[in-house]
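Source file: entry03.tsv (TSV, C-alpha atoms)
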```tsv
chain	number	residue	atom	x	y	z
A	1	MET	CA	-8.71	-16.24	-25.54
A	2	THR	CA	-5.74	-17.66	-27.50
A	3	ASP	CA	-5.83	-14.83	-30.03
A	4	ILE	CA	-5.77	-12.01	-27.48
A	5	LYS	CA	-3.20	-13.86	-25.37
A	6	ASN	CA	-0.90	-14.18	-28.36
A	7	LYS	CA	-1.28	-10.49	-29.12
A	8	ILE	CA	-0.47	-9.53	-25.53
A	9	GLU	CA	2.54	-11.83	-25.37
A	10	LYS	CA	3.90	-10.44	-28.63
A	11	LEU	CA	3.48	-6.81	-27.54
A	12	VAL	CA	5.04	-7.46	-24.14
A	13	GLY	CA	7.95	-9.23	-25.78
A	14	GLN	CA	8.55	-6.20	-28.00
A	15	ASN	CA	8.55	-3.77	-25.08
A	16	LEU	CA	9.92	-5.74	-22.13
A	17	ASN	CA	13.51	-4.48	-22.37
A	18	LYS	CA	12.27	-0.89	-22.37
A	19	VAL	CA	10.13	-1.57	-19.30
A	20	LEU	CA	13.15	-3.08	-17.54
A	21	GLU	CA	15.10	0.09	-18.27
A	22	ILE	CA	12.25	2.19	-16.88
A	23	ARG	CA	12.04	0.07	-13.74
A	24	ARG	CA	15.78	0.35	-13.10
A	25	HIS	CA	15.76	4.11	-13.68
A	26	ILE	CA	12.94	4.60	-11.19
A	27	HIS	CA	14.64	2.29	-8.70
A	28	GLN	CA	17.89	4.22	-9.00
A	29	HIS	CA	16.17	7.57	-8.43
A	30	PRO	CA	13.68	7.01	-5.58
A	31	GLU	CA	11.70	9.80	-3.96
A	32	LEU	CA	9.76	9.95	-0.72
A	33	SER	CA	5.99	10.30	-0.43
A	34	PHE	CA	4.53	13.50	-1.91
A	35	LYS	CA	7.99	14.53	-3.13
A	36	GLU	CA	8.06	12.44	-6.32
A	37	PHE	CA	8.73	15.38	-8.66
A	38	GLU	CA	11.55	13.75	-10.67
A	39	THR	CA	9.64	10.47	-10.93
A	40	SER	CA	6.53	12.27	-12.11
A	41	ALA	CA	8.47	14.24	-14.73
A	42	TYR	CA	10.13	11.02	-15.93
A	43	ILE	CA	6.80	9.21	-16.32
A	44	LYS	CA	5.31	12.20	-18.17
A	45	SER	CA	8.26	12.21	-20.57
A	46	ILE	CA	7.50	8.58	-21.43
A	47	LEU	CA	3.79	9.33	-21.91
A	48	ASP	CA	4.70	12.26	-24.17
A	49	GLU	CA	6.94	10.00	-26.22
A	50	LEU	CA	4.08	7.49	-26.57
A	51	GLU	CA	1.66	10.33	-27.40
A	52	ILE	CA	-0.66	9.28	-24.58
A	53	SER	CA	-2.95	11.97	-23.17
A	54	TYR	CA	-2.84	12.57	-19.43
A	55	ALA	CA	-3.84	14.94	-16.65
A	56	ASP	CA	-1.10	15.81	-14.18
A	57	ASN	CA	-0.69	17.73	-10.91
A	58	TRP	CA	-3.00	15.43	-8.98
A	59	VAL	CA	-1.76	16.02	-5.42
A	60	LYS	CA	1.13	17.83	-7.19
A	61	THR	CA	2.93	14.70	-8.49
A	62	GLY	CA	0.12	12.32	-9.48
A	63	ILE	CA	-0.71	11.53	-13.10
A	64	VAL	CA	-3.80	10.03	-14.72
A	65	ALA	CA	-3.30	8.81	-18.30
A	66	GLU	CA	-6.21	7.62	-20.42
A	67	ILE	CA	-6.76	5.46	-23.48
A	68	GLN	CA	-10.09	5.40	-25.28
A	69	GLY	CA	-11.16	2.22	-27.05
A	70	GLU	CA	-12.56	2.09	-30.56
A	71	LYS	CA	-16.13	2.49	-29.30
A	72	PRO	CA	-17.77	4.20	-26.30
A	73	GLY	CA	-18.19	2.12	-23.19
A	74	PRO	CA	-17.46	1.95	-19.46
A	75	THR	CA	-14.29	3.25	-17.84
A	76	ILE	CA	-12.05	1.05	-15.71
A	77	ALA	CA	-9.04	2.14	-13.67
A	78	LEU	CA	-5.60	0.65	-13.13
A	79	ARG	CA	-3.40	1.99	-10.35
A	80	ALA	CA	0.31	2.07	-9.48
A	81	ASP	CA	1.99	3.96	-6.64
A	82	ILE	CA	5.25	5.84	-7.30
A	83	ASP	CA	6.79	6.74	-3.91
A	84	ALA	CA	9.71	5.13	-2.08
A	85	LEU	CA	10.65	4.58	1.58
A	86	PRO	CA	13.10	6.23	3.99
A	87	ILE	CA	15.40	3.19	3.96
A	88	ASP	CA	19.11	3.06	3.12
A	89	GLU	CA	19.54	0.43	0.39
A	90	LYS	CA	21.96	-2.41	1.20
A	91	THR	CA	21.86	-4.38	-2.05
A	92	ASP	CA	24.68	-4.80	-4.57
A	93	LEU	CA	22.50	-4.03	-7.59
A	94	PRO	CA	24.23	-2.05	-10.35
A	95	PHE	CA	21.17	0.22	-10.37
A	96	LYS	CA	20.83	0.58	-6.59
A	97	SER	CA	19.49	3.81	-5.16
A	98	GLU	CA	21.64	6.86	-5.75
A	99	LYS	CA	19.93	8.68	-2.87
A	100	GLU	CA	21.21	7.97	0.60
A	101	GLY	CA	18.46	6.92	2.97
A	102	ILE	CA	15.79	6.46	0.26
A	103	MET	CA	14.92	3.15	-1.42
A	104	HIS	CA	12.21	1.46	-3.44
A	105	ALA	CA	11.92	-1.29	-0.83
A	106	CYS	CA	8.22	-1.94	-1.44
A	107	GLY	CA	8.24	-2.52	-5.19
A	108	HIS	CA	6.60	0.70	-6.32
A	109	ASP	CA	9.23	0.92	-9.06
A	110	VAL	CA	7.84	-2.38	-10.35
A	111	HIS	CA	4.25	-1.19	-10.02
A	112	SER	CA	4.81	2.01	-11.99
A	113	SER	CA	7.01	0.50	-14.71
A	114	SER	CA	4.61	-2.42	-15.14
A	115	LEU	CA	1.72	-0.01	-15.52
A	116	ILE	CA	3.63	1.78	-18.27
A	117	GLY	CA	4.07	-1.62	-19.92
A	118	VAL	CA	0.33	-2.31	-19.64
A	119	LEU	CA	-0.42	1.13	-21.04
A	120	THR	CA	1.75	0.37	-24.07
A	121	VAL	CA	-0.09	-2.90	-24.67
A	122	ILE	CA	-3.57	-1.43	-24.22
A	123	ASN	CA	-2.72	1.45	-26.56
A	124	GLU	CA	-1.92	-1.06	-29.29
A	125	LEU	CA	-5.13	-3.00	-28.62
A	126	LYS	CA	-7.57	-0.08	-28.76
A	127	SER	CA	-9.47	-1.73	-31.57
A	128	GLU	CA	-10.11	-4.78	-29.35
A	129	PHE	CA	-12.39	-3.07	-26.81
A	130	ALA	CA	-15.13	-0.55	-26.20
A	131	GLY	CA	-14.68	1.86	-23.32
A	132	LYS	CA	-11.86	3.72	-21.64
A	133	VAL	CA	-8.94	2.75	-19.43
A	134	ILE	CA	-7.38	5.21	-17.00
A	135	PHE	CA	-3.89	4.64	-15.61
A	136	ILE	CA	-3.34	6.17	-12.18
A	137	PHE	CA	0.26	6.93	-11.19
A	138	GLN	CA	-0.35	7.78	-7.55
A	139	PRO	CA	1.90	9.56	-5.06
A	140	GLY	CA	2.20	9.06	-1.33
A	141	GLU	CA	1.00	5.53	-0.64
A	142	GLU	CA	3.49	5.10	2.20
A	143	GLU	CA	2.42	8.09	4.28
A	144	ILE	CA	-0.86	8.94	6.01
A	145	PRO	CA	-3.30	10.31	4.82
A	146	GLY	CA	-2.35	8.43	1.63
A	147	GLY	CA	-2.24	9.74	-1.91
A	148	ALA	CA	-5.32	7.71	-2.81
A	149	SER	CA	-7.50	9.59	-0.33
A	150	LEU	CA	-6.18	12.94	-1.56
A	151	MET	CA	-6.69	12.12	-5.25
A	152	ILE	CA	-10.25	11.08	-4.45
A	153	LYS	CA	-10.78	14.36	-2.57
A	154	GLU	CA	-9.51	16.23	-5.61
A	155	GLY	CA	-12.27	14.62	-7.68
A	156	LEU	CA	-10.58	11.67	-9.38
A	157	LEU	CA	-13.57	9.33	-9.22
A	158	GLU	CA	-16.10	12.03	-10.11
A	159	LYS	CA	-14.09	13.15	-13.13
A	160	PHE	CA	-13.42	9.75	-14.69
A	161	LYS	CA	-16.24	7.67	-13.15
A	162	PRO	CA	-14.48	4.29	-13.30
A	163	LYS	CA	-16.73	1.32	-12.67
A	164	SER	CA	-13.86	-0.69	-11.15
A	165	ILE	CA	-10.20	-0.45	-10.18
A	166	VAL	CA	-7.39	-3.02	-10.22
A	167	ALA	CA	-3.88	-2.89	-8.76
A	168	GLN	CA	-1.05	-5.36	-8.22
A	169	HIS	CA	1.60	-5.40	-5.50
A	170	THR	CA	4.96	-7.12	-5.37
A	171	PHE	CA	5.11	-10.17	-3.09
A	172	PRO	CA	8.45	-11.86	-2.39
A	173	ASP	CA	6.72	-14.78	-0.65
A	174	LEU	CA	5.61	-16.03	-4.09
A	175	PRO	CA	8.06	-16.95	-6.86
A	176	ALA	CA	8.04	-14.87	-10.02
A	177	GLY	CA	5.43	-16.20	-12.43
A	178	LYS	CA	2.79	-16.71	-9.75
A	179	VAL	CA	0.06	-14.39	-8.49
A	180	GLY	CA	-2.26	-14.44	-5.49
A	181	PHE	CA	-5.83	-13.29	-4.82
A	182	PHE	CA	-8.15	-12.94	-1.83
A	183	PRO	CA	-11.84	-12.10	-2.36
A	184	GLY	CA	-13.36	-10.03	0.45
A	185	THR	CA	-11.69	-8.02	3.21
A	186	TYR	CA	-8.01	-8.68	2.57
A	187	MET	CA	-5.98	-6.11	4.53
A	188	ALA	CA	-6.43	-4.28	7.82
A	189	SER	CA	-7.17	-0.68	8.65
A	190	ASN	CA	-4.23	1.20	10.11
A	191	ASP	CA	-4.26	3.91	12.78
A	192	GLU	CA	-1.25	5.52	14.44
A	193	LEU	CA	-1.19	6.06	18.20
A	194	HIS	CA	0.76	9.06	19.53
A	195	VAL	CA	0.68	9.27	23.33
A	196	THR	CA	2.24	11.61	25.88
A	197	VAL	CA	2.05	10.53	29.52
A	198	LYS	CA	2.49	13.49	31.87
A	199	GLY	CA	3.22	13.45	35.59
A	200	LYS	CA	5.72	14.86	38.06
A	201	GLY	CA	9.31	13.79	37.73
A	202	GLY	CA	11.78	13.38	40.55
A	203	HIS	CA	14.30	11.19	42.31
A	204	GLY	CA	13.86	7.47	41.82
A	205	ALA	CA	14.58	6.90	45.49
A	206	MET	CA	11.66	9.11	46.50
A	207	PRO	CA	8.76	7.97	44.30
A	208	HIS	CA	6.23	9.19	46.85
A	209	LYS	CA	7.13	12.75	45.85
A	210	THR	CA	6.49	12.07	42.15
A	211	VAL	CA	3.67	11.13	39.80
A	212	ASP	CA	5.47	8.26	38.13
A	213	THR	CA	5.11	8.55	34.34
A	214	VAL	CA	7.00	5.33	33.66
A	215	LEU	CA	4.64	3.35	35.89
A	216	MET	CA	1.63	5.05	34.29
A	217	SER	CA	2.98	4.11	30.86
A	218	ALA	CA	3.44	0.50	31.93
A	219	HIS	CA	-0.15	0.35	33.18
A	220	LEU	CA	-1.38	1.98	29.97
A	221	ILE	CA	0.42	-0.44	27.65
A	222	THR	CA	-0.81	-3.45	29.62
A	223	SER	CA	-4.37	-2.21	30.04
A	224	LEU	CA	-4.79	-1.31	26.38
A	225	GLN	CA	-4.38	-4.96	25.47
A	226	GLN	CA	-7.88	-5.39	26.90
A	227	VAL	CA	-9.09	-3.62	23.75
A	228	ILE	CA	-7.93	-6.71	21.86
A	229	SER	CA	-8.49	-9.50	24.40
A	230	ARG	CA	-11.71	-8.43	26.16
A	231	SER	CA	-13.51	-5.79	24.08
A	232	LYS	CA	-13.57	-7.58	20.73
A	233	ASP	CA	-15.28	-10.50	19.09
A	234	PRO	CA	-12.55	-13.18	19.17
A	235	PHE	CA	-13.21	-13.94	15.51
A	236	THR	CA	-12.31	-10.40	14.43
A	237	PRO	CA	-8.58	-9.98	13.65
A	238	ALA	CA	-6.98	-6.99	15.37
A	239	VAL	CA	-3.51	-5.86	16.48
A	240	LEU	CA	-2.43	-3.19	18.98
A	241	THR	CA	1.34	-2.70	19.24
A	242	PHE	CA	3.59	-0.05	20.73
A	243	GLY	CA	6.93	0.11	18.96
A	244	ARG	CA	8.43	3.23	20.52
A	245	ILE	CA	8.73	4.26	24.18
A	246	GLU	CA	10.76	7.32	25.13
A	247	GLY	CA	11.16	8.30	28.75
A	248	LEU	CA	14.30	10.35	29.16
A	249	GLY	CA	14.95	9.64	32.79
A	250	ALA	CA	17.85	7.67	34.27
A	251	THR	CA	18.49	4.83	36.71
A	252	ASN	CA	17.48	7.14	39.52
A	253	VAL	CA	15.38	9.73	37.67
A	254	ILE	CA	11.65	9.57	36.97
A	255	PRO	CA	10.93	11.81	33.91
A	256	ASN	CA	8.18	14.39	33.72
A	257	GLU	CA	6.89	12.88	30.46
A	258	VAL	CA	6.97	9.60	28.59
A	259	HIS	CA	6.19	9.44	24.87
A	260	LEU	CA	4.69	6.36	23.21
A	261	GLN	CA	4.03	5.52	19.57
A	262	GLY	CA	2.09	2.55	18.31
A	263	THR	CA	-0.27	1.11	15.73
A	264	PHE	CA	-3.81	-0.22	15.87
A	265	ARG	CA	-5.18	-2.41	13.09
A	266	THR	CA	-8.36	-4.37	12.52
A	267	MET	CA	-10.43	-6.02	9.82
A	268	ASP	CA	-13.73	-4.61	11.12
A	269	GLU	CA	-14.56	-0.95	10.50
A	270	ALA	CA	-17.40	-0.89	13.06
A	271	TYR	CA	-15.15	-2.35	15.76
A	272	ARG	CA	-12.46	0.15	14.77
A	273	GLU	CA	-14.67	3.02	15.95
A	274	LYS	CA	-15.55	1.29	19.23
A	275	ALA	CA	-11.88	0.48	19.87
A	276	HIS	CA	-10.93	4.14	19.48
A	277	GLU	CA	-13.48	5.09	22.15
A	278	ARG	CA	-12.31	2.27	24.43
A	279	MET	CA	-8.63	3.27	24.17
A	280	LEU	CA	-9.40	6.86	25.11
A	281	ALA	CA	-11.54	5.76	28.06
A	282	ILE	CA	-8.80	3.46	29.40
A	283	ALA	CA	-6.18	6.21	29.08
A	284	ASN	CA	-8.38	8.74	30.90
A	285	GLY	CA	-9.12	6.24	33.67
A	286	ILE	CA	-5.45	5.46	34.29
A	287	ALA	CA	-4.50	9.13	34.27
A	288	GLU	CA	-7.23	9.99	36.78
A	289	GLY	CA	-6.44	7.04	39.03
A	290	MET	CA	-2.71	7.73	39.15
A	291	GLY	CA	-2.83	11.51	39.41
A	292	GLY	CA	-1.35	12.44	36.05
A	293	SER	CA	-2.64	13.16	32.57
A	294	ILE	CA	-2.42	11.36	29.24
A	295	ASP	CA	-2.59	13.09	25.89
A	296	PHE	CA	-3.81	10.26	23.64
A	297	LYS	CA	-3.96	11.09	19.92
A	298	ILE	CA	-5.23	8.64	17.31
A	299	ARG	CA	-4.06	9.53	13.83
A	300	ARG	CA	-6.59	7.91	11.56
A	301	GLY	CA	-4.97	6.00	8.72
A	302	TYR	CA	-6.23	3.73	5.95
A	303	PRO	CA	-9.46	1.70	6.05
A	304	ASN	CA	-9.70	-1.99	5.13
A	305	VAL	CA	-8.72	-3.13	1.68
A	306	HIS	CA	-11.88	-4.84	0.50
A	307	ASN	CA	-11.60	-6.88	-2.66
A	308	ASP	CA	-14.98	-6.92	-4.36
A	309	GLU	CA	-15.98	-10.58	-4.33
A	310	ASP	CA	-17.49	-10.69	-7.82
A	311	LEU	CA	-14.69	-8.75	-9.52
A	312	THR	CA	-11.94	-10.65	-7.69
A	313	GLU	CA	-13.44	-14.07	-8.47
A	314	LYS	CA	-13.59	-13.08	-12.13
A	315	CYS	CA	-9.99	-11.83	-12.06
A	316	MET	CA	-8.88	-15.09	-10.44
A	317	ASN	CA	-10.59	-17.12	-13.16
A	318	TRP	CA	-9.08	-14.94	-15.90
A	319	ALA	CA	-5.68	-15.31	-14.26
A	320	ARG	CA	-6.10	-19.09	-14.31
A	321	GLU	CA	-7.00	-18.89	-18.01
A	322	TYR	CA	-3.89	-16.89	-18.77
A	323	LEU	CA	-1.28	-18.31	-16.37
A	324	GLY	CA	-2.61	-21.78	-15.56
A	325	ASP	CA	-4.22	-23.02	-12.35
A	326	GLU	CA	-0.88	-23.85	-10.74
A	327	ASN	CA	0.26	-20.22	-10.92
A	328	VAL	CA	-2.76	-18.67	-9.18
A	329	ILE	CA	-2.68	-18.86	-5.38
A	330	ASN	CA	-5.32	-18.27	-2.74
A	331	LEU	CA	-3.90	-15.71	-0.31
A	332	GLU	CA	-4.46	-15.36	3.43
A	333	GLN	CA	-5.63	-12.16	5.12
A	334	ARG	CA	-2.90	-9.71	6.17
A	335	MET	CA	-2.71	-7.20	8.99
A	336	THR	CA	-0.65	-4.86	6.85
A	337	SER	CA	-2.43	-1.92	5.22
A	338	GLU	CA	-2.58	-0.12	1.88
A	339	ASP	CA	-4.18	3.12	0.76
A	340	PHE	CA	-5.74	1.28	-2.20
A	341	ALA	CA	-8.37	0.77	0.52
A	342	PHE	CA	-9.79	4.23	-0.17
A	343	TYR	CA	-10.62	3.26	-3.75
A	344	SER	CA	-12.02	-0.10	-2.69
A	345	GLN	CA	-14.40	1.61	-0.26
A	346	GLU	CA	-15.87	3.66	-3.13
A	347	ILE	CA	-15.95	1.36	-6.19
A	348	PRO	CA	-15.40	-2.36	-6.83
A	349	GLY	CA	-11.69	-3.08	-6.51
A	350	CYS	CA	-9.29	-5.99	-6.92
A	351	PHE	CA	-5.88	-5.76	-5.23
A	352	TYR	CA	-3.78	-8.82	-6.01
A	353	ARG	CA	-0.21	-9.97	-5.38
A	354	LEU	CA	2.49	-10.34	-8.00
A	355	GLY	CA	5.10	-12.94	-7.11
A	356	THR	CA	8.61	-11.46	-7.21
A	357	GLY	CA	10.58	-14.14	-5.35
A	358	PHE	CA	13.67	-16.06	-6.44
A	359	ASN	CA	13.64	-19.87	-6.30
A	360	ASN	CA	17.25	-20.58	-5.37
A	361	ARG	CA	18.26	-17.78	-3.02
A	362	GLU	CA	17.11	-15.92	0.06
A	363	ASN	CA	14.18	-13.56	-0.41
A	364	PHE	CA	14.16	-10.52	1.84
A	365	GLY	CA	10.78	-9.07	2.74
A	366	LEU	CA	9.16	-5.80	1.79
A	367	HIS	CA	10.61	-2.73	3.55
A	368	HIS	CA	13.93	-4.55	4.06
A	369	PRO	CA	17.14	-2.74	2.95
A	370	LYS	CA	18.17	-5.85	0.99
A	371	TYR	CA	14.82	-6.37	-0.75
A	372	GLU	CA	15.32	-7.37	-4.39
A	373	VAL	CA	12.84	-8.17	-7.13
A	374	ASN	CA	13.09	-11.07	-9.54
A	375	GLU	CA	12.63	-9.09	-12.74
A	376	ASP	CA	11.01	-12.08	-14.46
A	377	ALA	CA	7.92	-10.89	-12.58
A	378	LEU	CA	7.60	-7.85	-14.84
A	379	LYS	CA	6.57	-9.98	-17.79
A	380	THR	CA	3.90	-11.71	-15.70
A	381	GLY	CA	2.68	-8.44	-14.23
A	382	ILE	CA	2.31	-6.66	-17.56
A	383	GLU	CA	0.73	-9.58	-19.38
A	384	LEU	CA	-1.78	-10.46	-16.66
A	385	MET	CA	-2.92	-6.89	-15.98
A	386	SER	CA	-3.33	-6.31	-19.71
A	387	TYR	CA	-5.43	-9.46	-19.99
A	388	LEU	CA	-7.56	-8.57	-16.95
A	389	THR	CA	-8.18	-5.15	-18.49
A	390	ILE	CA	-9.36	-6.54	-21.82
A	391	LYS	CA	-11.54	-9.18	-20.15
A	392	GLN	CA	-13.22	-6.59	-17.92
A	393	LEU	CA	-14.08	-4.41	-20.90
A	394	GLU	CA	-15.43	-7.42	-22.79
A	395	GLN	CA	-17.95	-7.82	-19.96
```
Could I get this structure in the form of structure tokens?
Amino acid sequence: MTDIKNKIEKLVGQNLNKVLEIRRHIHQHPELSFKEFETSAYIKSILDELEISYADNWVKTGIVAEIQGEKPGPTIALRADIDALPIDEKTDLPFKSEKEGIMHACGHDVHSSSLIGVLTVINELKSEFAGKVIFIFQPGEEEIPGGASLMIKEGLLEKFKPKSIVAQHTFPDLPAGKVGFFPGTYMASNDELHVTVKGKGGHGAMPHKTVDTVLMSAHLITSLQQVISRSKDPFTPAVLTFGRIEGLGATNVIPNEVHLQGTFRTMDEAYREKAHERMLAIANGIAEGMGGSIDFKIRRGYPNVHNDEDLTEKCMNWAREYLGDENVINLEQRMTSEDFAFYSQEIPGCFYRLGTGFNNRENFGLHHPKYEVNEDALKTGIELMSYLTIKQLEQ
């Protein structure tokens, strides 16, 4: 272990400044989901410079690079997402986003630059392993249906046949230098709810001449909570939240329509299907009982992120070997979602957290306009993922 660790540390030390430059360039030039054309071209220019073979145009902007070891063997996959968010950056960084209303507020700039760093290390260590490593630079993680699902539909897994896949994600709740793991079902599924409540508008002083869409909406929002409180095993985590209500009436005007948008999340895929049916039944019942109609659309999002227990336990142990026990944390389940889930439903996957927090200052959360990354995390991210890659291929 000491020999390979020393080699990784040396290679990362030689390339870290270049990776920092890459990260800052990507951060400064963010692009929204499925529109990452400049980012893709930039990554390909780096791969060309390194003389690394790759296949591009996956979902238009995705790239899959590959490195073959000295001898034949299994293929493993490493994944980074490359898209940014529709957020206006409010940091004072000298390399802050140059694009108004677009920001790398979820750390995908760190993911992609770190993966380039890992690629550089693995390329220099080809003689140390048998097998192949593929490096997935994936578009569109932030937007349903998710770039992962589309790359899989385009034949990614059939073409390369990886036996496992690993990804890391920035995590400001942990200080830089630490990482976190959770074996098993780690993150929730995510479905969008788009609802239009239709009735008959009119004067607020004469509700008997209307079919009150606002009242129907209130009943719907309240009744749908039964899906969580009365239709579910209490030991199954689930969330149903409406974050947008638009009824363009007035103090004395009942509108013809009210529009609702929300999210439904759960850790149980079987319950997810039953909950969809229950939501539709409740909506139809309220509409019939109150004399209106409800157009209830469920936009199916990402499934659960399931961390393969065997692979994740091994990665945790290898992380302890490399970083020390004190720097490897047991995570809690999260109701957030990630399209890495599509990979993890097909092949063994390990999705772990890379600490990016600062010790002596406020840490803003992911998707916040003031989110900043402690760049010391890049060294940890590159070194650990390189080590996990070598250890997997040794198996």
A straight line from atom CA of A:Pro369 to atom CA of A:Arg334 spans 21.5 Å
Show me as a PDB file with C-alpha atoms, keeping the file's coordinate frame the residues that reach within 6 Å of (7.7, -14.6, -3.9), counting only C-alpha atoms and using the file's own coordinates.
```
ATOM      1  CA  PHE A 171       5.110 -10.170  -3.090  1.00  0.00           C
ATOM      2  CA  PRO A 172       8.450 -11.860  -2.390  1.00  0.00           C
ATOM      3  CA  ASP A 173       6.720 -14.780  -0.650  1.00  0.00           C
ATOM      4  CA  LEU A 174       5.610 -16.030  -4.090  1.00  0.00           C
ATOM      5  CA  PRO A 175       8.060 -16.950  -6.860  1.00  0.00           C
ATOM      6  CA  GLY A 355       5.100 -12.940  -7.110  1.00  0.00           C
ATOM      7  CA  THR A 356       8.610 -11.460  -7.210  1.00  0.00           C
ATOM      8  CA  GLY A 357      10.580 -14.140  -5.350  1.00  0.00           C
TER       9      GLY A 357
END
```
Exercise. Near stretch 196-199 of chain A, counting all atoms listed in the file, which residues have an atom at most 8 Å away, once you skip same-chain residues fewer than 6 positions from it, shown as an MDAnalysis selection string?
Worked result: chainID A and resid 210:213 216:217 256:260 291:296
Keeping only C-alpha atoms, write the selected residues as an mmCIF file, in the frame of the given file.
```cif
data_model
loop_
_atom_site.group_PDB
_atom_site.id
_atom_site.type_symbol
_atom_site.label_atom_id
_atom_site.label_comp_id
_atom_site.auth_asym_id
_atom_site.auth_seq_id
_atom_site.Cartn_x
_atom_site.Cartn_y
_atom_site.Cartn_z
ATOM 1 C CA THR A 210 6.490 12.070 42.150
ATOM 2 C CA VAL A 211 3.670 11.130 39.800
ATOM 3 C CA ASP A 212 5.470 8.260 38.130
ATOM 4 C CA THR A 213 5.110 8.550 34.340
ATOM 5 C CA MET A 216 1.630 5.050 34.290
ATOM 6 C CA SER A 217 2.980 4.110 30.860
ATOM 7 C CA ASN A 256 8.180 14.390 33.720
ATOM 8 C CA GLU A 257 6.890 12.880 30.460
ATOM 9 C CA VAL A 258 6.970 9.600 28.590
ATOM 10 C CA HIS A 259 6.190 9.440 24.870
ATOM 11 C CA LEU A 260 4.690 6.360 23.210
ATOM 12 C CA GLY A 291 -2.830 11.510 39.410
ATOM 13 C CA GLY A 292 -1.350 12.440 36.050
ATOM 14 C CA SER A 293 -2.640 13.160 32.570
ATOM 15 C CA ILE A 294 -2.420 11.360 29.240
ATOM 16 C CA ASP A 295 -2.590 13.090 25.890
ATOM 17 C CA PHE A 296 -3.810 10.260 23.640
#
```
From atom CA of A:Leu193 to atom CA of A:Phe264 the spacing works out at 7.2 Å
Counting all atoms listed in the file, which residues in stretch 168-212 of chain A sit no more than 10 Å from stretch 130-154 of chain A? For each one, give the nearest pair of atoms and the distance in Å, sorted by chain then residue number, as JSON lines.
```
{"residue": "A:Asn190", "atom": "CA", "partner": "A:Ile144", "partner_atom": "CA", "distance": 9.4}
{"residue": "A:Asp191", "atom": "CA", "partner": "A:Ile144", "partner_atom": "CA", "distance": 9.1}
{"residue": "A:Glu192", "atom": "CA", "partner": "A:Ile144", "partner_atom": "CA", "distance": 9.1}
```
Which distance in Å separates atom CA of A:Thr241 and atom CA of A:Phe364, to one decimal?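 These two atoms are separated by 23.0 Å.
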Shortest contact to A:Glu277, candidates A:Ser231, A:Ser53, A:Gln168, A:Thr61, atoms counted only C-alpha atoms, goes to A:Ser231
task = Determine, counting all atoms listed in the file, which protein, DNA and RNA residues have an atom within 6 Å of an atom of A:Gly101; residues of the same chain fewer than 5 positions away are not included. Present the result as a ChimeraX atom specification.
result = /A:86-88
Checklist entry - A:Leu354: which residues within 6 Å, counting all atoms listed in the file, same-chain residues fewer than 4 positions away excluded, as a count of residues only? => result 4
Shortest interatomic distance to A:Asp3 - which of A:Asn304, A:Tyr387, A:Ile329, A:Phe358, counting only C-alpha atoms:
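The answer is A:Tyr387, which sits nearest to A:Asp3.
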(message) For stretch 20-25 of chain A, find every residue with an atom within 8 Å (counting only C-alpha atoms), except residues of its own chain fewer than 6 positions away, and show them as a list in words.
(response) Phe95, Asp109, Val110, Ser112, Ser113, Ser114, Glu375 and Leu378 of chain A
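Once A:Lys126 and its same-chain neighbours fewer than 6 positions away are set aside, Gln68, Gly69 and Glu70 of chain A remain within 7 Å of it when counting only C-alpha atoms.
Among the candidates A:Lys96, A:Leu78, A:Ile122, A:His276, the one nearest to A:Tyr343 when counting all atoms listed in the file is A:Leu78.
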From A:Ile228, A:His306, A:Glu269, A:Arg320, residue lying nearest A:Pro348 [only C-alpha atoms]
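Closest residue, counting only C-alpha atoms: A:His306.
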Check the smallest atom-to-atom distance from each of A:Thr389, A:Gln14, A:Asn6, A:Asn330 to A:Gly180 using all atoms listed in the file, then report the winner.
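Of all the options, A:Asn330 lies closest to A:Gly180.
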Between A:Leu331, A:Ile245, A:Leu115, A:Val227, smallest distance to A:Glu273 by all atoms listed in the file belongs to A:Val227
task: Show me as a VMD selection string the residues that reach within 12 Å of (2.4, -12.5, -17.6), counting all atoms listed in the file and using the file's own coordinates.
output: chain A and resid 5 to 6 8 to 13 16 114 117 to 118 176 to 179 318 to 324 327 to 328 354 to 355 375 to 388
Using 6 Å of padding on each side, determine the axis-aligned box around all atoms of stretch 309-317 of chain A present in the file and give its centre and edge lengths in Å to one decimal, as lines of an AutoDock Vina configuration file.
```
center_x = -13.2
center_y = -12.9
center_z = -8.7
size_x = 20.6
size_y = 20.4
size_z = 20.8
```
